[in-house]
file structure.cif (mmCIF, C-alpha atoms)
data_model
#
loop_
_atom_site.label_atom_id
_atom_site.label_comp_id
_atom_site.auth_asym_id
_atom_site.auth_seq_id
_atom_site.Cartn_x
_atom_site.Cartn_y
_atom_site.Cartn_z
CA MET S 1276 54.91 -14.09 19.15
CA GLU S 1277 52.54 -11.28 18.29
CA SER S 1278 49.26 -12.54 16.94
CA THR S 1279 48.38 -11.72 13.36
CA LYS S 1280 45.01 -10.56 14.60
CA SER S 1281 46.67 -7.62 16.41
CA ASN S 1282 49.33 -7.00 13.77
CA ALA S 1283 47.40 -7.09 10.52
CA TYR S 1284 49.78 -4.63 8.80
CA ALA S 1285 53.09 -6.17 9.90
CA VAL S 1286 54.10 -7.26 6.41
CA TRP S 1287 53.88 -3.66 5.15
CA LYS S 1288 57.12 -2.85 6.96
CA ILE S 1289 59.03 -4.92 4.39
CA LYS S 1290 60.08 -2.71 1.45
CA ASP S 1291 60.57 -5.52 -1.06
CA PHE S 1292 57.15 -6.91 -0.30
CA ARG S 1293 55.61 -3.51 -1.03
CA SER S 1294 57.40 -3.39 -4.40
CA PHE S 1295 56.31 -6.96 -5.10
CA LEU S 1296 52.67 -6.09 -4.39
CA ALA S 1297 52.83 -2.99 -6.58
CA GLY S 1298 54.31 -4.88 -9.51
CA ARG S 1299 51.83 -7.72 -9.19
CA PHE S 1300 48.95 -5.24 -8.88
CA PHE S 1301 49.80 -3.45 -12.14
CA LEU S 1302 50.40 -6.71 -14.00
CA THR S 1303 47.16 -8.23 -12.73
CA PHE S 1304 45.27 -5.06 -13.60
CA GLY S 1305 46.54 -5.22 -17.18
CA ILE S 1306 45.91 -8.96 -17.56
CA GLN S 1307 42.39 -8.70 -16.16
CA MET S 1308 41.63 -5.78 -18.46
CA GLN S 1309 42.94 -7.82 -21.38
CA ALA S 1310 40.82 -10.82 -20.42
CA VAL S 1311 37.54 -8.93 -20.53
CA ILE S 1312 38.52 -7.15 -23.76
CA VAL S 1313 39.52 -10.38 -25.50
CA GLY S 1314 36.39 -12.18 -24.29
CA TRP S 1315 34.06 -9.51 -25.61
CA GLN S 1316 36.03 -9.10 -28.84
CA ILE S 1317 35.90 -12.85 -29.56
CA TYR S 1318 32.19 -13.04 -28.78
CA GLU S 1319 31.45 -9.94 -30.85
CA LEU S 1320 33.29 -11.42 -33.83
CA THR S 1321 32.01 -15.01 -33.58
CA LYS S 1322 28.78 -15.03 -31.50
CA ASP S 1323 29.81 -18.54 -30.42
CA VAL S 1324 29.94 -19.73 -26.78
CA LEU S 1325 32.42 -22.47 -27.73
CA ALA S 1326 34.76 -19.80 -29.11
CA LEU S 1327 34.80 -18.24 -25.62
CA GLY S 1328 35.75 -21.58 -24.10
CA MET S 1329 38.56 -21.94 -26.63
CA ILE S 1330 40.25 -18.85 -25.12
CA GLY S 1331 40.83 -20.79 -21.92
CA LEU S 1332 42.05 -23.86 -23.78
CA ALA S 1333 44.49 -21.79 -25.84
CA GLU S 1334 46.16 -20.55 -22.65
CA ALA S 1335 45.88 -23.78 -20.69
CA ILE S 1336 47.79 -26.00 -23.13
CA PRO S 1337 51.16 -24.17 -22.93
CA PHE S 1338 50.60 -23.16 -19.32
CA MET S 1339 50.10 -26.71 -18.07
CA SER S 1340 52.54 -28.44 -20.41
CA PHE S 1341 55.40 -26.13 -19.39
CA ALA S 1342 54.56 -25.79 -15.70
CA VAL S 1343 56.78 -28.57 -14.29
CA PHE S 1344 59.80 -27.30 -16.24
CA ALA S 1345 58.98 -23.73 -15.14
CA GLY S 1346 59.06 -24.91 -11.53
CA HIS S 1347 62.48 -26.47 -12.10
CA ILE S 1348 63.70 -23.15 -13.53
CA ALA S 1349 62.34 -21.23 -10.54
CA ASP S 1350 64.31 -23.46 -8.15
CA ARG S 1351 67.55 -23.21 -10.14
CA PHE S 1352 67.77 -19.62 -11.39
CA ASN S 1353 67.21 -16.05 -10.17
CA ARG S 1354 63.49 -15.78 -9.45
CA LYS S 1355 63.40 -12.00 -9.84
CA LYS S 1356 64.89 -12.18 -13.34
CA ILE S 1357 62.43 -14.92 -14.33
CA MET S 1358 59.54 -12.68 -13.23
CA ILE S 1359 60.84 -9.75 -15.28
CA ILE S 1360 61.44 -11.85 -18.41
CA SER S 1361 57.96 -13.37 -18.09
CA THR S 1362 56.41 -9.92 -17.74
CA ILE S 1363 58.24 -8.70 -20.85
CA LEU S 1364 56.70 -11.63 -22.73
CA TYR S 1365 53.29 -10.54 -21.41
CA LEU S 1366 54.05 -7.06 -22.78
CA LEU S 1367 54.84 -8.47 -26.23
CA CYS S 1368 51.53 -10.36 -26.20
CA ALA S 1369 49.59 -7.24 -25.22
CA THR S 1370 51.32 -5.33 -28.00
CA GLY S 1371 50.42 -8.10 -30.46
CA LEU S 1372 46.72 -7.83 -29.57
CA LEU S 1373 46.90 -4.06 -30.07
CA ILE S 1374 48.50 -4.47 -33.50
CA TYR S 1375 45.88 -7.08 -34.52
CA THR S 1376 43.10 -4.69 -33.52
CA LEU S 1377 44.68 -1.71 -35.31
CA LYS S 1378 44.82 -3.80 -38.51
CA ILE S 1379 41.72 -5.90 -37.80
CA SER S 1380 40.20 -5.58 -41.27
CA THR S 1381 43.33 -7.11 -42.78
CA PHE S 1382 44.01 -9.79 -40.16
CA TYR S 1383 40.40 -10.87 -39.58
CA ASN S 1384 39.61 -11.18 -43.29
CA GLN S 1385 42.66 -13.41 -43.82
CA PHE S 1386 42.95 -15.36 -40.57
CA GLY S 1387 39.75 -14.79 -38.56
CA VAL S 1388 40.37 -14.90 -34.80
CA ILE S 1389 43.26 -17.38 -35.02
CA PRO S 1390 45.89 -14.63 -34.33
CA ILE S 1391 44.13 -13.83 -31.04
CA TYR S 1392 44.26 -17.48 -29.99
CA ALA S 1393 47.92 -17.65 -31.03
CA ILE S 1394 48.80 -14.65 -28.86
CA ILE S 1395 46.88 -16.11 -25.89
CA PHE S 1396 48.76 -19.38 -26.48
CA ILE S 1397 52.10 -17.57 -26.14
CA SER S 1398 50.91 -15.77 -23.01
CA GLY S 1399 50.33 -19.22 -21.49
CA PHE S 1400 54.10 -19.76 -21.39
CA ALA S 1401 54.59 -16.36 -19.75
CA ARG S 1402 51.99 -17.15 -17.13
CA SER S 1403 53.58 -20.53 -16.39
CA THR S 1404 57.03 -19.11 -15.63
CA PHE S 1405 55.69 -16.03 -13.85
CA PHE S 1406 53.38 -17.94 -11.53
CA THR S 1407 56.01 -20.37 -10.31
CA SER S 1408 58.73 -17.75 -9.83
CA GLN S 1409 56.52 -15.22 -8.01
CA SER S 1410 55.04 -17.89 -5.74
CA ALA S 1411 58.51 -19.08 -4.79
CA LEU S 1412 59.94 -15.57 -4.38
CA MET S 1413 57.14 -14.25 -2.18
CA ALA S 1414 57.95 -16.79 0.53
CA GLN S 1415 61.54 -15.48 0.55
CA LEU S 1416 60.41 -11.88 1.12
CA VAL S 1417 58.75 -12.41 4.51
CA PRO S 1418 59.49 -14.42 7.69
CA ARG S 1419 57.56 -17.61 8.43
CA GLU S 1420 55.32 -16.04 11.07
CA LEU S 1421 54.01 -13.58 8.45
CA TYR S 1422 53.12 -16.14 5.78
CA ALA S 1423 49.37 -15.92 6.44
CA ASN S 1424 49.57 -12.12 6.66
CA SER S 1425 51.48 -11.85 3.36
CA THR S 1426 49.09 -14.27 1.65
CA THR S 1427 46.12 -12.19 2.80
CA TRP S 1428 47.53 -8.89 1.52
CA ASN S 1429 48.76 -10.49 -1.70
CA SER S 1430 45.26 -11.80 -2.27
CA THR S 1431 43.77 -8.42 -1.38
CA PHE S 1432 45.81 -6.53 -3.95
CA TRP S 1433 45.31 -9.20 -6.58
CA HIS S 1434 41.57 -8.92 -6.14
CA ILE S 1435 41.58 -5.11 -6.08
CA ALA S 1436 43.28 -5.27 -9.47
CA ALA S 1437 40.82 -7.94 -10.55
CA VAL S 1438 37.96 -5.63 -9.54
CA SER S 1439 39.23 -2.50 -11.23
CA GLY S 1440 40.82 -4.13 -14.28
CA PRO S 1441 37.70 -5.72 -15.81
CA ALA S 1442 35.45 -2.83 -14.82
CA ILE S 1443 37.74 -0.21 -16.37
CA GLY S 1444 38.44 -2.47 -19.34
CA GLY S 1445 34.73 -2.82 -20.04
CA LEU S 1446 34.13 0.92 -19.65
CA ILE S 1447 37.03 1.87 -21.93
CA TYR S 1448 35.90 -0.71 -24.49
CA GLY S 1449 32.34 0.59 -24.36
CA PHE S 1450 33.07 4.33 -24.38
CA LEU S 1451 36.57 4.86 -25.82
CA ARG S 1452 36.86 1.89 -28.20
CA ILE S 1453 38.91 -1.26 -28.07
CA LYS S 1454 42.16 0.23 -29.41
CA ILE S 1455 42.48 2.57 -26.43
CA ALA S 1456 41.67 -0.32 -24.10
CA TYR S 1457 44.54 -2.45 -25.43
CA LEU S 1458 46.89 0.55 -25.24
CA VAL S 1459 46.07 1.00 -21.55
CA VAL S 1460 46.85 -2.69 -20.98
CA THR S 1461 50.38 -2.24 -22.34
CA ILE S 1462 50.94 0.79 -20.08
CA PHE S 1463 50.05 -1.17 -16.96
CA VAL S 1464 52.29 -4.08 -17.92
CA ILE S 1465 55.21 -1.67 -18.40
CA ALA S 1466 54.53 -0.23 -14.92
CA SER S 1467 54.73 -3.72 -13.41
CA ILE S 1468 58.17 -4.29 -14.93
CA PHE S 1469 59.41 -1.11 -13.25
CA PHE S 1470 58.34 -2.27 -9.77
CA PHE S 1471 59.70 -5.79 -10.22
CA ALA S 1472 63.05 -4.25 -11.16
CA LEU S 1473 63.15 -2.55 -7.74
CA LEU S 1474 63.22 -5.89 -5.91
CA GLN S 1475 66.48 -7.09 -4.43
CA SER S 1476 67.53 -10.45 -5.82
CA ARG S 1477 67.31 -13.31 -3.35
CA PRO S 1478 69.86 -16.14 -3.31
CA ARG S 1479 68.89 -19.41 -4.90
CA PRO S 1480 67.85 -22.05 -2.35
CA ILE S 1481 70.62 -24.38 -1.23
CA LYS S 1482 70.12 -27.90 -2.55
CA THR S 1483 70.14 -30.46 0.24
CA VAL S 1484 70.84 -33.37 -2.12
CA ASP S 1485 72.48 -33.75 -5.52
CA GLU S 1486 69.46 -34.18 -7.80
CA SER S 1487 69.44 -35.46 -11.35
CA PHE S 1488 67.53 -33.38 -13.90
CA LYS S 1489 64.82 -36.05 -14.17
CA TYR S 1490 64.43 -36.30 -10.40
CA SER S 1491 64.31 -32.51 -10.09
CA LEU S 1492 61.40 -32.32 -12.53
CA THR S 1493 59.36 -34.95 -10.67
CA VAL S 1494 60.16 -34.19 -7.02
CA GLY S 1495 57.38 -31.61 -6.73
CA ILE S 1496 54.84 -34.16 -7.96
CA ARG S 1497 56.05 -36.72 -5.43
CA PHE S 1498 55.92 -34.21 -2.59
CA VAL S 1499 52.35 -33.10 -3.37
CA PHE S 1500 50.90 -36.59 -3.81
CA LYS S 1501 52.43 -37.80 -0.53
CA ASN S 1502 50.89 -34.92 1.46
CA GLN S 1503 47.14 -35.27 2.02
CA VAL S 1504 46.71 -31.67 3.19
CA VAL S 1505 48.50 -30.10 0.22
CA LEU S 1506 46.92 -32.49 -2.30
CA GLY S 1507 43.48 -32.09 -0.73
CA GLY S 1508 43.64 -28.30 -0.84
CA MET S 1509 44.80 -28.25 -4.45
CA SER S 1510 42.26 -30.85 -5.58
CA LEU S 1511 39.37 -29.10 -3.85
CA ASP S 1512 40.16 -25.87 -5.67
CA MET S 1513 40.72 -27.60 -9.00
CA PHE S 1514 37.44 -29.50 -9.14
CA ALA S 1515 35.34 -26.77 -7.54
CA VAL S 1516 36.42 -24.11 -10.03
CA LEU S 1517 36.58 -26.61 -12.91
CA PHE S 1518 32.85 -27.19 -12.56
CA GLY S 1519 31.77 -23.97 -10.85
CA GLY S 1520 33.73 -21.43 -12.87
CA ILE S 1521 31.51 -19.25 -15.05
CA THR S 1522 33.88 -16.50 -16.16
CA ALA S 1523 34.03 -17.69 -19.77
CA LEU S 1524 30.24 -17.48 -20.07
CA LEU S 1525 29.84 -13.99 -18.63
CA PRO S 1526 29.75 -12.35 -22.10
CA VAL S 1527 26.65 -14.46 -22.83
CA PHE S 1528 24.98 -13.55 -19.53
CA SER S 1529 25.82 -9.87 -19.98
CA GLY S 1530 24.78 -9.69 -23.63
CA GLU S 1531 21.76 -12.01 -23.90
CA ILE S 1532 20.38 -12.76 -20.42
CA LEU S 1533 21.01 -9.61 -18.36
CA HIS S 1534 21.21 -7.24 -21.38
CA ALA S 1535 24.05 -5.17 -19.92
CA GLY S 1536 26.52 -4.97 -22.86
CA PRO S 1537 30.32 -4.68 -22.59
CA GLN S 1538 30.08 -2.16 -19.76
CA GLY S 1539 28.00 -4.61 -17.74
CA LEU S 1540 30.41 -7.41 -18.60
CA GLY S 1541 33.24 -5.45 -17.00
CA PHE S 1542 31.27 -5.11 -13.77
CA LEU S 1543 30.23 -8.77 -13.80
CA ARG S 1544 33.87 -9.78 -14.22
CA ALA S 1545 34.85 -7.45 -11.40
CA ALA S 1546 32.12 -8.43 -8.92
CA PRO S 1547 33.75 -11.63 -7.54
CA ALA S 1548 37.01 -9.78 -6.99
CA PHE S 1549 35.16 -6.94 -5.25
CA GLY S 1550 33.68 -9.44 -2.81
CA ALA S 1551 37.09 -11.03 -2.37
CA VAL S 1552 38.62 -7.66 -1.44
CA ILE S 1553 35.98 -7.11 1.23
CA MET S 1554 36.60 -10.56 2.66
CA ALA S 1555 40.38 -10.16 2.49
CA LEU S 1556 40.23 -6.97 4.54
CA ILE S 1557 38.15 -8.81 7.13
CA LEU S 1558 40.51 -11.77 7.17
CA ALA S 1559 43.59 -9.55 7.53
CA HIS S 1560 42.36 -8.82 11.05
CA ASN S 1561 40.69 -12.21 11.61
CA PRO S 1562 42.65 -14.81 9.63
CA PRO S 1563 40.76 -18.11 9.06
CA LEU S 1564 43.55 -20.23 10.55
CA GLU S 1565 41.65 -21.79 13.46
CA LYS S 1566 39.66 -24.72 12.03
CA ALA S 1567 41.21 -23.85 8.65
CA GLY S 1568 40.14 -27.13 7.05
CA LYS S 1569 36.48 -26.70 7.96
CA ASN S 1570 36.58 -23.06 6.89
CA LEU S 1571 37.92 -24.16 3.51
CA LEU S 1572 35.19 -26.77 3.02
CA TRP S 1573 32.39 -24.40 4.02
CA ALA S 1574 33.79 -21.71 1.71
CA VAL S 1575 33.69 -24.07 -1.29
CA THR S 1576 30.13 -25.07 -0.36
CA GLY S 1577 29.06 -21.43 -0.26
CA PHE S 1578 30.74 -20.85 -3.62
CA GLY S 1579 28.70 -23.67 -5.18
CA VAL S 1580 25.43 -22.25 -3.83
CA CYS S 1581 26.32 -18.86 -5.33
CA ILE S 1582 26.94 -20.37 -8.76
CA ILE S 1583 23.50 -22.01 -8.79
CA SER S 1584 21.88 -18.77 -7.61
CA PHE S 1585 23.63 -16.75 -10.32
CA ALA S 1586 22.33 -19.08 -13.02
CA LEU S 1587 18.76 -18.52 -11.83
CA SER S 1588 19.02 -14.71 -11.51
CA ARG S 1589 17.55 -12.46 -14.20
CA ASN S 1590 18.31 -9.13 -12.50
CA PHE S 1591 21.66 -7.48 -13.21
CA TYR S 1592 22.10 -6.05 -9.71
CA VAL S 1593 21.11 -9.29 -8.00
CA SER S 1594 23.61 -11.09 -10.22
CA LEU S 1595 26.32 -8.60 -9.22
CA PHE S 1596 25.59 -9.23 -5.54
CA ILE S 1597 25.69 -13.01 -5.97
CA LEU S 1598 29.01 -12.84 -7.83
CA ALA S 1599 30.45 -10.60 -5.11
CA LEU S 1600 29.32 -13.12 -2.49
CA SER S 1601 30.96 -15.92 -4.48
CA GLY S 1602 34.20 -13.93 -4.41
CA MET S 1603 33.98 -13.63 -0.63
CA PHE S 1604 33.69 -17.40 -0.25
CA ASP S 1605 36.43 -17.98 -2.80
CA ASN S 1606 38.88 -15.71 -1.00
CA VAL S 1607 38.61 -17.72 2.22
CA SER S 1608 39.72 -20.68 0.11
CA VAL S 1609 42.55 -18.68 -1.49
CA ILE S 1610 44.03 -17.58 1.83
CA VAL S 1611 43.80 -21.00 3.47
CA ARG S 1612 45.34 -22.75 0.46
CA GLY S 1613 48.05 -20.10 0.07
CA THR S 1614 49.07 -20.45 3.71
CA ILE S 1615 49.12 -24.24 3.37
CA MET S 1616 51.47 -23.95 0.40
CA GLN S 1617 53.89 -21.66 2.22
CA LEU S 1618 53.94 -23.58 5.50
CA PHE S 1619 54.22 -27.11 4.13
CA THR S 1620 56.71 -26.55 1.28
CA PRO S 1621 60.53 -26.61 1.78
CA ASP S 1622 62.22 -23.50 0.36
CA GLU S 1623 64.37 -25.43 -2.12
CA MET S 1624 61.22 -27.01 -3.56
CA ARG S 1625 58.90 -24.00 -3.72
CA GLY S 1626 59.16 -23.44 -7.46
CA ARG S 1627 58.37 -27.04 -8.33
CA VAL S 1628 55.50 -27.35 -5.85
CA ALA S 1629 54.16 -24.02 -7.12
CA ALA S 1630 54.35 -25.54 -10.61
CA ILE S 1631 52.15 -28.45 -9.55
CA ASN S 1632 49.78 -26.00 -7.91
CA SER S 1633 49.73 -23.98 -11.13
CA ILE S 1634 48.71 -27.11 -13.05
CA PHE S 1635 45.81 -27.62 -10.66
CA ILE S 1636 44.84 -23.96 -10.96
CA GLY S 1637 45.29 -24.05 -14.74
CA SER S 1638 43.05 -27.09 -14.88
CA SER S 1639 40.36 -25.33 -12.90
CA ASN S 1640 40.51 -21.94 -14.63
CA GLU S 1641 41.51 -22.43 -18.25
CA ILE S 1642 40.27 -26.00 -18.74
CA GLY S 1643 37.24 -24.97 -16.69
CA ALA S 1644 36.60 -22.19 -19.21
CA PHE S 1645 36.75 -24.74 -22.02
CA GLU S 1646 34.45 -27.09 -20.07
CA SER S 1647 32.00 -24.21 -19.58
CA GLY S 1648 31.93 -23.53 -23.32
CA VAL S 1649 31.39 -27.21 -24.21
CA ALA S 1650 28.73 -27.70 -21.51
CA ALA S 1651 26.90 -24.55 -22.61
CA LYS S 1652 26.97 -25.79 -26.20
CA LEU S 1653 25.53 -29.18 -25.22
CA MET S 1654 23.17 -28.23 -22.38
CA ARG S 1655 22.47 -24.54 -23.04
CA VAL S 1656 23.97 -21.80 -20.89
CA VAL S 1657 21.78 -21.71 -17.77
CA PRO S 1658 21.43 -25.50 -17.24
CA SER S 1659 25.20 -25.91 -17.70
CA VAL S 1660 25.91 -23.35 -14.92
CA ILE S 1661 23.41 -25.02 -12.57
CA PHE S 1662 25.08 -28.37 -13.28
CA GLY S 1663 28.46 -26.84 -12.44
CA GLY S 1664 27.20 -25.48 -9.11
CA VAL S 1665 25.75 -28.84 -8.12
CA MET S 1666 29.03 -30.57 -8.99
CA THR S 1667 30.90 -28.05 -6.81
CA LEU S 1668 28.72 -29.01 -3.83
CA LEU S 1669 29.44 -32.68 -4.49
CA VAL S 1670 33.19 -31.95 -4.61
CA ALA S 1671 33.06 -30.24 -1.20
CA GLY S 1672 31.15 -33.15 0.28
CA THR S 1673 33.58 -35.68 -1.16
CA ALA S 1674 36.61 -33.82 0.21
CA ALA S 1675 35.03 -33.60 3.65
CA ARG S 1676 34.48 -37.37 3.61
CA PHE S 1677 37.77 -38.61 2.17
CA ALA S 1678 40.37 -36.05 3.36
CA PRO S 1679 40.17 -36.13 7.18
CA LYS S 1680 43.57 -34.47 7.68
CA LEU S 1681 42.42 -31.52 5.59
CA ARG S 1682 39.08 -31.35 7.43
CA LYS S 1683 40.81 -31.27 10.84
CA LEU S 1684 43.58 -28.84 9.79
CA ASN S 1685 44.50 -26.07 12.27
CA LEU S 1686 47.02 -23.68 10.71
CA ALA S 1687 47.11 -21.36 13.74
CA LYS S 1688 48.72 -24.11 15.79
CA MET S 1689 51.38 -24.62 13.11
CA ILE S 1690 52.58 -21.00 13.18
CA GLY S 1691 52.32 -20.66 16.95
CA GLU S 1692 49.25 -18.43 17.24
CA LYS S 1693 47.09 -18.65 20.32
#

call {"tool": "encode", "arguments": {"input": "structure.cif", "output": "structure tokens"}}
result
Amino acid sequence: MESTKSNAYAVWKIKDFRSFLAGRFFLTFGIQMQAVIVGWQIYELTKDVLALGMIGLAEAIPFMSFAVFAGHIADRFNRKKIMIISTILYLLCATGLLIYTLKISTFYNQFGVIPIYAIIFISGFARSTFFTSQSALMAQLVPRELYANSTTWNSTFWHIAAVSGPAIGGLIYGFLRIKIAYLVVTIFVIASIFFFALLQSRPRPIKTVDESFKYSLTVGIRFVFKNQVVLGGMSLDMFAVLFGGITALLPVFSGEILHAGPQGLGFLRAAPAFGAVIMALILAHNPPLEKAGKNLLWAVTGFGVCIISFALSRNFYVSLFILALSGMFDNVSVIVRGTIMQLFTPDEMRGRVAAINSIFIGSSNEIGAFESGVAAKLMRVVPSVIFGGVMTLLVAGTAARFAPKLRKLNLAKMIGEK
């Protein structure tokens, strides 16, 4: 078998994978633009750090509550159609935010920012069904020996969009006004629907046993909690980002600590993804599959150190560098965990296992955003971020001690690389 190290671009020969990447790029670009716009808009209207945390909670509640059922749907119905329907729902949400902003004097005077939270709440359902279906479909687009390669390039394009989306969103907000920014979001979401429509539908996985509806909903949970490697990887990500995530507080850092405004906020939001892109390009040629478990643990440790350093920085450019470095560490974790998910999960169970993974990710990102807002309210912004970084280091140390199978994991051996 040809080593991934000498065939870093092998997955690009697959037409459907190229269409998949394009669609996911445009959707991610639009969503990341929307995130920075909504964050700054909420903070500008309320001047409340807790209100920023509530954005994450508004999305997390439907996302996590619907995830297991979304996984069941992804394993029973056409995954391509589910992705398209979910993206259309994203489009409706983006349109709703645009309408709210066009009529903001009317809506804000009557309802405050509640309509924004309501729209984000609805987008949580779209994210739940999209995440499970796209995770399950991607594994059907490429052969097993290219799982690590496809995960690397998928991560690369996601992070390129996550770099450019917030940066351009912040610039458009700052120079061309918020209405234009929301309009651009809707255009990118429409583009993603076009590319997803180009995908060929894949057959539904063949069920190996006759499952009851109740058993089908819980089988993913049982699989994850019986597998130390899968559970360890998910848990490490969940707790590390739960405590170490600072995205929700970036409007405060940009506006009050670094004095960079909405334009600076866009670059701060983009910096981790920029670092992740650099690391992903390196890992495409040198995948972190040998000693994958140790690489994962060291990456989370480095991420925690970056979070503490960011809290102490008072220079905008130093802060950008630290966030980019945190993205580099985080992307090692993303690629290792993504490869674990693809290699260890049976095809007929991918949607449901992806659903459990989405709950872990939702806990770390959206609930983490809420935790950041609450901690900042109670402890003040900088001490709360330092606390989060220290907790991330403790999480890495705990995983290294109590998950030996994860620590000793060698993914290269599993896929036959030398």

call {"tool": "resolve_selection", "arguments": {"input": "structure.cif", "expression": "the PyMOL selection byres ((chain S and resi 1615) around 9)", "output": "VMD selection string"}}
result
chain S and resid 1423 1504 to 1505 1508 1610 to 1614 1616 to 1620 1686

call {"tool": "write_last_selection", "arguments": {"input": "structure.cif", "atoms": "C-alpha atoms", "output": "PDB file, keeping the file's coordinate frame"}}
result
ATOM      1  CA  ALA S1423      49.370 -15.920   6.440  1.00  0.00           C
ATOM      2  CA  VAL S1504      46.710 -31.670   3.190  1.00  0.00           C
ATOM      3  CA  VAL S1505      48.500 -30.100   0.220  1.00  0.00           C
ATOM      4  CA  GLY S1508      43.640 -28.300  -0.840  1.00  0.00           C
ATOM      5  CA  ILE S1610      44.030 -17.580   1.830  1.00  0.00           C
ATOM      6  CA  VAL S1611      43.800 -21.000   3.470  1.00  0.00           C
ATOM      7  CA  ARG S1612      45.340 -22.750   0.460  1.00  0.00           C
ATOM      8  CA  GLY S1613      48.050 -20.100   0.070  1.00  0.00           C
ATOM      9  CA  THR S1614      49.070 -20.450   3.710  1.00  0.00           C
ATOM     10  CA  MET S1616      51.470 -23.950   0.400  1.00  0.00           C
ATOM     11  CA  GLN S1617      53.890 -21.660   2.220  1.00  0.00           C
ATOM     12  CA  LEU S1618      53.940 -23.580   5.500  1.00  0.00           C
ATOM     13  CA  PHE S1619      54.220 -27.110   4.130  1.00  0.00           C
ATOM     14  CA  THR S1620      56.710 -26.550   1.280  1.00  0.00           C
ATOM     15  CA  LEU S1686      47.020 -23.680  10.710  1.00  0.00           C
TER      16      LEU S1686
END

call {"tool": "residues_around", "arguments": {"input": "structure.cif", "residues": "Ile1582 (chain S)", "least_positions_apart": "4", "cutoff": "7 Å", "atoms": "all atoms listed in the file", "output": "count of residues only"}}
result
6

call {"tool": "atom_distance", "arguments": {"input": "structure.cif", "atom1": "CA of Phe1463 (chain S)", "atom2": "CA of Phe1604 (chain S)"}}
result
28.5 Å

call {"tool": "residues_around", "arguments": {"input": "structure.cif", "residues": "region 1303-1315 of chain S", "least_positions_apart": "4", "cutoff": "6 Å", "atoms": "all atoms listed in the file", "output": "list in words"}}
result
Arg1299, Glu1319, Ala1436, Ala1437, Gly1440, Pro1441, Gly1444, Val1460, Phe1463 and Val1464 of chain S

call {"tool": "resolve_selection", "arguments": {"input": "structure.cif", "expression": "the PyMOL selection byres ((chain S and resi 1358-1370) around 7)", "output": "count of residues only"}}
result
21

call {"tool": "resolve_selection", "arguments": {"input": "structure.cif", "expression": "the PyMOL selection byres ((chain S and resi 1667) around 9)", "output": "tab-separated table (two decimals) with C-alpha atoms, in the coordinates of the input"}}
result
chain	number	residue	atom	x	y	z
S	1514	PHE	CA	37.44	-29.50	-9.14
S	1515	ALA	CA	35.34	-26.77	-7.54
S	1516	VAL	CA	36.42	-24.11	-10.03
S	1517	LEU	CA	36.58	-26.61	-12.91
S	1518	PHE	CA	32.85	-27.19	-12.56
S	1519	GLY	CA	31.77	-23.97	-10.85
S	1575	VAL	CA	33.69	-24.07	-1.29
S	1576	THR	CA	30.13	-25.07	-0.36
S	1578	PHE	CA	30.74	-20.85	-3.62
S	1579	GLY	CA	28.70	-23.67	-5.18
S	1580	VAL	CA	25.43	-22.25	-3.83
S	1582	ILE	CA	26.94	-20.37	-8.76
S	1662	PHE	CA	25.08	-28.37	-13.28
S	1663	GLY	CA	28.46	-26.84	-12.44
S	1664	GLY	CA	27.20	-25.48	-9.11
S	1665	VAL	CA	25.75	-28.84	-8.12
S	1666	MET	CA	29.03	-30.57	-8.99
S	1668	LEU	CA	28.72	-29.01	-3.83
S	1669	LEU	CA	29.44	-32.68	-4.49
S	1670	VAL	CA	33.19	-31.95	-4.61
S	1671	ALA	CA	33.06	-30.24	-1.20
S	1672	GLY	CA	31.15	-33.15	0.28

call {"tool": "atom_distance", "arguments": {"input": "structure.cif", "atom1": "CA of Gly1520 (chain S)", "atom2": "CA of Met1603 (chain S)"}}
result
14.5 Å

call {"tool": "atom_distance", "arguments": {"input": "structure.cif", "atom1": "CA of Ala1393 (chain S)", "atom2": "CA of Ser1633 (chain S)"}}
result
21.0 Å

call {"tool": "closest_residue", "arguments": {"input": "structure.cif", "among": "S:Leu1572, S:Val1607, S:Ala1456, S:Ile1317", "to": "Leu1681 (chain S)", "atoms": "only C-alpha atoms"}}
result
S:Leu1572

call {"tool": "residues_around", "arguments": {"input": "structure.cif", "residues": "Phe1396 (chain S)", "least_positions_apart": "4", "cutoff": "10 Å", "atoms": "all atoms listed in the file", "output": "VMD selection string"}}
result
chain S and resid 1330 to 1338 1368 1390 to 1392 1400 to 1401

call {"tool": "closest_residue", "arguments": {"input": "structure.cif", "among": "S:Phe1542, S:Phe1470, S:Trp1433, S:Tyr1490", "to": "Val1609 (chain S)", "atoms": "all atoms listed in the file"}}
result
S:Trp1433

call {"tool": "closest_residue", "arguments": {"input": "structure.cif", "among": "S:Met1413, S:Pro1563, S:Ile1553, S:Thr1493", "to": "Ile1289 (chain S)", "atoms": "all atoms listed in the file"}}
result
S:Met1413

call {"tool": "closest_residue", "arguments": {"input": "structure.cif", "among": "S:Ala1546, S:Val1499, S:Gly1626, S:Arg1676", "to": "Phe1352 (chain S)", "atoms": "all atoms listed in the file"}}
result
S:Gly1626

call {"tool": "closest_residue", "arguments": {"input": "structure.cif", "among": "S:Ala1675, S:Val1656, S:Leu1684, S:Val1324", "to": "Leu1564 (chain S)", "atoms": "all atoms listed in the file"}}
result
S:Leu1684

call {"tool": "closest_residue", "arguments": {"input": "structure.cif", "among": "S:Ser1425, S:Ser1594, S:Ser1430, S:Asn1632", "to": "Ile1496 (chain S)", "atoms": "all atoms listed in the file"}}
result
S:Asn1632
